[in-house]
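What follows is one structure encoded as structure tokens, with my remarks underneath.
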Amino acid sequence: MSVDATLTAAPPWRRRFSDSAAYPYALIAPALAVLVVVSLVPFLYAVYLSLHNVEYGQVGDWNLLDNYAKLLGNDRFWNSLRVAGLFMLVAVPLEFGLGLAGALLLNQQIWGRSLWLPLLFIPSMMAPIVVGLLWKIMLAGSWGLLSYNVIERFGWLPGTSVFASSDHALIVLGLVDVWQWTPFMMLAFFAGRQALPASPYRAAAVDGADAFQTFFRLTLPLLTPLLVVIGMLRFIDAFKVFDSIFILTAGGPGVATESPSMLAYKMTFEQWRIGESAALAVLVWLAFFVLCNVFFQIAKKRLKAF
Amino acid sequence: MTSPKPRTWALSIVAAACLATSAQAQTWSYKDAAKPFAGTSIRVLDEVTPLQETMKTLVPQFTAETGIKVEYELLNHFEVINKGQADMLSRRGYYDAVMLHGIQMGQMLAAGTIEPIDGFMADKALFNPGLDLKDLTPRAYESLAKFKGQTYSFLNWNYNFVYWARADLLNDAGEKAAFKAKYGYDLAPAKTTRQFLDIGEFFTRKAGQMLAGQPLKTDFYGVLHEGITGGATVSSVWENIMKNYGADLFDASGAPSFNTPETVQALAFWARMWKYSPPGQGEYSLVDVPTVMGSGIAAQSIAFSDFVLGIDKPGASAYAGKFTYGAIPVNADFKGPRSAGGEPSALVINKASKNKPATFLFLEWMIDKDTQRKLIEAGKGGVPIRTSSFSMPQFGGSQAAFYGAMKSSIDVVQAKPKVPKIFEIYDALGPIVQQVGQGKLTPEEGAKQGQAKMLAICSKCTL
Amino acid sequence: MSIALAPRPSPGWTLLTAALAAVLLFPVAWLAAMAFKPDDTMFVRPTVWLFAPTLDHFRSVVDAGFLRYLGTSVALALASTALVVLVGTPAAYAFARFELRGRDDLFLFILATRMAPPICLVIPFYLLFTRFELLDTFAGLTLAYLTFNLSFYIWVLRSFCRDLPVELEEVAMVDGHTRFAVFLRVVLPLLKSGIVSTAMLCFIFAWNEFLFAFMLGGQNVKTLPVAIPLLITSQGVRWGEMAVVGMAALMPVLVAVFFLQKQIVRGLTMGAVKG
């Protein structure tokens with residue numbers, strides 16, 4: 001592998017800067033500056049709002065942790081966490097497993113892969129709001145395509161419909177998320193699998209390893225860093241889900257599908273309880289920060305992912 | 001020559017005075033009033049329904065007449081609430097006028113973001129003497145726009161609920177005979193709650209059974225209504241049902257009064273309605289109801305009248321032309337005044353606006369008799385805000401039943417009381433009302449829990 | 001064992017893939033059909049499978065000015081993605097290569113910026129934007145999109161940078177080139193595919209984003225996803241028009257992914273260089 005031969009040695013003064021200790025910080029500086037402005041500032045503002053009485057958008061007196069107390073005492077808040085937890089438990093492992101399986105399938109010798117790949121990726125390319133409306137068309141009670149032709153025909157849900165049933169609504173929302181994001185996982189894992197070096201596989205074949213052994217002893221460990229990165233991202237995004245829930249159930253039936261984002265929507269846009277919704281943002285952020293930190297440390301040491 | 005008699009003098013003076021005042025009345029015009037503001041630009045946010053879409057085609061006439069440019073922006077129901085409130089509450093003032101549903105008034109008044117219009121109405125240069133505010137449907141207008149001695153708006157949109165049913169089924173000879181045999185009275189659009197339930201029960205059938213002489217390919221239901229936890233479900237239950245049983249969310253002092261025997265009766269009726277409804281009703285929003293009715297699987301519904309128009313027109317649904325309408329069914333046992341659901345709405349002047357007088361002129365123009373006449377003609381109908389509009393030909397003829405139903409609702413519709421925390425209350429009552437409908441809570445339990453939730457939000461809820 | 005010929009494609013696996021595609025994409029195909037379905041056959045029971053197509057929905061979509069929304073979406077997604085790439089690439093590289101003080105914390109900070117639900121941050125954004133007059137401006141919305149896209153980009157690209165062999169850069173530096181020149185001339189070309197694939201994902205996120213575009217945009221800056229709720233009218237949802245817009249939003253992305261797929265896959269296969 002040759003280096004670009006047109007590179008010439010740089011003059012001494014230029015060399016000095018990029019060899020200095022400040023160089024890496026200079027590389028990071030623009031990104032950090034942007035992130036401070038667009039992420040940190042609004043977030044700090046949210047912290048500020050969460051510590052005050054905010055009456056209809058006007059910041060009032062300092063009220064210490066009153067908003068937090070109100071939030072933690074609100075059983076709808078705890079319900080929303082339970083909803084998010086259940087949703088993530090249904091959706092993310094399925095996306096993971098199916099995505100991995102799909103990636104292995106794509107890795108086989110199939111004809112027209114360059115056609116299948118973009119097609120299979122479509123659900124992840126669609127706007128979440130369109131995905132929500134699409135599944136409304138499929139599963140709406142009585143007039144949904146699948147509701148009428150499949151669910152009612154086979155009598156699976158007598159007396160109720162998918163999104164009107166508190167037992168089923170959340171699970172189905174999870175499955176909609178699986179439909180939407182499995183292709184993304186599939187693509188990421190497929191690419192990762194393609195990237196793995198061929199020699200260990202040749203060696204394994206020589207040693208007589210079967211498909212199972214190859215997968216569990218070879219593919220999985222090699223893919224782990226990628227799995228961890230993508231998994232964390234998906235995990236965080238599953239918590240924040242909003243568009244499909246808003247379109248399909250608006251948090252109902254009852255509060256069975258009221259995710260934290262859905263609760264925040266009502267608190268913010270209808271009721272203008274800005275102080276409390278800001279407190280929600282801060283609490284969620286804190287919880288995730290702690291969780292991700294822990295996970296990050298584990299992943300770094302045990303899984304060598306970072 | 002004899003001198004003019006004193007009587008003739010008096011007559012001439014009176015005549016001159018009359019001419020002078022009528023000339024003065026005739027000299028007020030939007031053009032003159034707008035002279036100091038010609039060239040300014042105002043932004044107006046309104047909700048998107050066919051009514052406003054028709055209005056949008058007329059707005060350029062205002063600009064042509066006055067020189068005031070108007071950006072008339074239309075957004076859907078949720079967005080007009082979200083964005084409109086955000087603009088007013090943040091004191092940003094991007095929109096000079098914002099459409100508020102009656103239900104939002106309490107919150108916006110508490111926040112102090114609405115500019116009262118009394119000052120402008122007293123200004124002879126700005127106020128159109130021919131506006132005839134008494135012609136605005138009185139109950140809706142008074143309850144919506146006036147508060148503690150001040151006026152905050154006119155009346156722009158008169159959303160209302162009507163009873164909506166399948167005329168082809170109610171008129172079918174076979175069905176009529178079977179109904180009479182079973183219930184003992186003639187089959188006709190329901191006028192009372194008892195009839196509403198009977199007809200609902202009668203028409204709830206499974207696939208394979210007969211309907212109007214044809215075997216059903218799919219299940220059919222007697223009643224359809226909004227059932228989602230949010231939306232207008234609580235509104236409808238409150239105004240279309242509870243009030244007709246003598247129940248109410250708040251008592252005269254503004255305290256929550258959900259746990260009463262009347263409420264329990266109303267909720268019992270509500271629960272019985274659901275027995276004749278599609279299984280998916282718990283997810284239906286006010287926008288789904290027309291879609292489902294249009295797909296032909298229900299016999300009766302109670303829905304917003306302006307939604308109906310989108311379905312009952314050729315090409316929009318296979319059942320267009322087969323519907324009939326009526327007043328909201330009343331409770332024959334209740335001796336008090338009948339109630340019908342509705343949402344009188346108006347454009348208000350944003351306190352943060354920098355063009356208040358010009359905006360006021362636009363608002364006057366919107367409800368002006370002339371503009372309203374043009375609006376109704378251009379829209380080939382609509383939802384009148386003026387009592388006098390009902391005599392226009394667009395409301396008669398083939399549409400007479402529909403507009404008759406609408407008028408009977410508009411006659412009694414009142415704006416919601418001014419409750420700043422109404423959204424929180426709806427949010428709390430929504431799941432309870434839904435669960436009572438689905439049979440997961442008894443009416444007694446629902447009333448008790450609802451009252452407890454309301455009290456946790458406010459003990460005196462009205463402003 | 002050397003393999004002279006490429007292995008023959010297996011019909012079994014191909015069929016399985018086709019079946020997977022059919023099941024997965026059935027709802028999308030139905031949506032595409034709805035774009036041509038007349039209103040009165042849309043939701044009747046029993047379902048109407050064959051119908052006479054109509055172009056009415058396309059017409060009303062164009063009449064309503066959706067082409068302008070399409071243009072805004074394209075411009076906004078491209079601009080914010082370009083910015084993300086410009087600012088994020090050096091940062092990702094730095095995180096991968098250098099032992100920085102507090103590197104892990106900084107990195108977690110970057111990830112953390114994605115953690116709070118956007119819903120909660122919209123109003124603080126709205127209030128801040130009002131103060132600085134950024135509402136309904138192209139610049140404002142581009143800035144807002146950096147919130148979630150920049151952290152994602154740095155997060156993902158960093159692992160690709162890590163996988164690049166250090167030896168190449170060391171060789172170049174021994175030859176006397178500055179680290180920055182090495183970054184530009186050696187690292188970037190190798191990273192190209194990784195950049196393309198991650199940028200493509202950022203583009204898709206920006207393209208489909210709804211909440212911020214709605215609250216922070218307005219008459220001047222209106223994207224395709226924002227235009228969709230306009231179709232949820234009081235006369236019911238204009239499903240046909242919504243199907244048209246939904247498919248229109250999908251097409252550019254689908255085409256781009258189709259043409260860039262080799263880059264995308266290769267980009268996510270940085271480690272192949274290890275051989």
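Identifiers in this document derive from the order of the structure tokens: chains are assigned A, B, ..., residues are numbered from 1 separately in each chain, and ligands are numbered from 1 in order of occurrence.
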
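When the distance limit is 10 Å and only C-alpha atoms are what count, the residues near B:Val223, minus those fewer than 4 positions from it on the same chain, are Trp164, Ala165, Phe196, Leu197, Ile199, Gly200, Glu201, Phe203, Thr204, Met273, Trp274, Lys275, Tyr276, Ser277, Pro278, Gln281, Met293, Ile297, Ala298, Ala299, Gln300, Ser301 and Ile302 of chain B.
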
Spatial neighbours of A:Phe295, max dist 12 Å, only C-alpha atoms, sep filter under 3 positions, as a PyMOL selection string
(chain A and resi 228-229+231-232+235+288-292+298-306) or (chain C and resi 108)

Generate a file of the selected residues that holds C-alpha atoms, formatted as a PDB file, in the first residue's frame.
ATOM      1  CA  VAL A 228     -22.592  -2.806  20.845  1.00  0.00           C
ATOM      2  CA  VAL A 229     -22.467   0.503  19.006  1.00  0.00           C
ATOM      3  CA  GLY A 231     -27.371  -1.685  19.939  1.00  0.00           C
ATOM      4  CA  MET A 232     -26.812   1.316  22.174  1.00  0.00           C
ATOM      5  CA  PHE A 235     -31.805   1.294  22.625  1.00  0.00           C
ATOM      6  CA  PHE A 288     -29.470   7.451  30.383  1.00  0.00           C
ATOM      7  CA  PHE A 289     -26.208   9.137  31.083  1.00  0.00           C
ATOM      8  CA  VAL A 290     -25.666   6.905  34.052  1.00  0.00           C
ATOM      9  CA  LEU A 291     -26.811   3.784  32.210  1.00  0.00           C
ATOM     10  CA  CYS A 292     -24.704   4.500  29.157  1.00  0.00           C
ATOM     11  CA  ILE A 298     -18.366  -2.642  30.663  1.00  0.00           C
ATOM     12  CA  ALA A 299     -18.195  -2.650  26.885  1.00  0.00           C
ATOM     13  CA  LYS A 300     -14.763  -1.154  26.962  1.00  0.00           C
ATOM     14  CA  LYS A 301     -13.267  -3.581  29.407  1.00  0.00           C
ATOM     15  CA  ARG A 302     -15.094  -6.802  28.702  1.00  0.00           C
ATOM     16  CA  LEU A 303     -16.095  -6.571  25.089  1.00  0.00           C
ATOM     17  CA  LYS A 304     -13.218  -4.444  23.901  1.00  0.00           C
ATOM     18  CA  ALA A 305     -15.746  -2.446  22.000  1.00  0.00           C
ATOM     19  CA  PHE A 306     -14.165   0.923  22.563  1.00  0.00           C
TER      20      PHE A 306
ATOM     21  CA  LEU C 108     -20.075  10.248  26.410  1.00  0.00           C
TER      22      LEU C 108
END

Can you tell me, as an NGL selection string, which residues in stretch 176-217 of chain A count as alpha helix (DSSP H) by DSSP?
:A and (176-195 or 199-207 or 211-213)

Can you list every residue in stretch 45-252 of chain A that DSSP puts in strand (DSSP E), as a PDB file with C-alpha atoms, in the first residue's frame?
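Listed below is the output, states-v6.pdb:
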ATOM      1  CA  HIS A  52     -38.506  27.429  38.155  1.00  0.00           C
ATOM      2  CA  ASN A  53     -42.217  27.953  38.132  1.00  0.00           C
ATOM      3  CA  VAL A  54     -43.090  28.334  34.505  1.00  0.00           C
ATOM      4  CA  GLU A  55     -46.558  29.769  34.115  1.00  0.00           C
ATOM      5  CA  GLN A  58     -43.303  32.825  31.373  1.00  0.00           C
ATOM      6  CA  VAL A  59     -40.500  31.960  33.750  1.00  0.00           C
ATOM      7  CA  GLY A  60     -41.458  32.829  37.291  1.00  0.00           C
ATOM      8  CA  ASP A  61     -39.902  32.171  40.654  1.00  0.00           C
ATOM      9  CA  TRP A  62     -37.244  29.747  41.536  1.00  0.00           C
TER      10      TRP A  62
END

Pick out the chain B residues within 6 Å of chain C. Count only C-alpha atoms. Give them as a list in words.
Thr49, Asn76, Val287, Ser295, Phe307, Gly310, Gly315, Ala316, Ser317 and Ala318 of chain B

Keeping only C-alpha atoms, write the selected residues to a file as a compact mmCIF listing (two decimals), in the first residue's frame.
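The new file out.txt reads:
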# COMPACT_ATOMS: atom_id res chain seq x y z
CA THR B 49 -61.52 22.74 7.30
CA ASN B 76 -54.86 21.18 11.13
CA VAL B 287 -61.18 12.16 12.18
CA SER B 295 -67.10 2.76 4.79
CA PHE B 307 -66.87 16.45 8.95
CA GLY B 310 -66.60 15.48 3.48
CA GLY B 315 -67.16 10.30 -5.01
CA ALA B 316 -66.13 10.59 -1.40
CA SER B 317 -67.88 7.47 -0.21
CA ALA B 318 -69.89 4.66 -1.70

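Between chain C and the residues A:Leu218, A:Val37, A:Leu51, A:Leu89, the shortest atom-to-atom distance, using only C-alpha atoms, involves A:Val37.
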
Coordinates-based distance that separates atom CA of C:Val23 from atom CA of A:Trp135 (Å, one decimal):
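These atoms are spaced 14.0 Å apart.
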
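Restricting the calculation to only C-alpha atoms, the smallest distance between chain C and any of A:Thr214, A:Thr160, A:Asn79, A:Gln108 is found for A:Gln108.
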
Spatial neighbours of C:Leu67, 12 Å, only C-alpha atoms, chain gap at least 3 places, as an NGL selection string:
:C and (58-64 or 70-74 or 222-224 or 227 or 244-245 or 248-249)
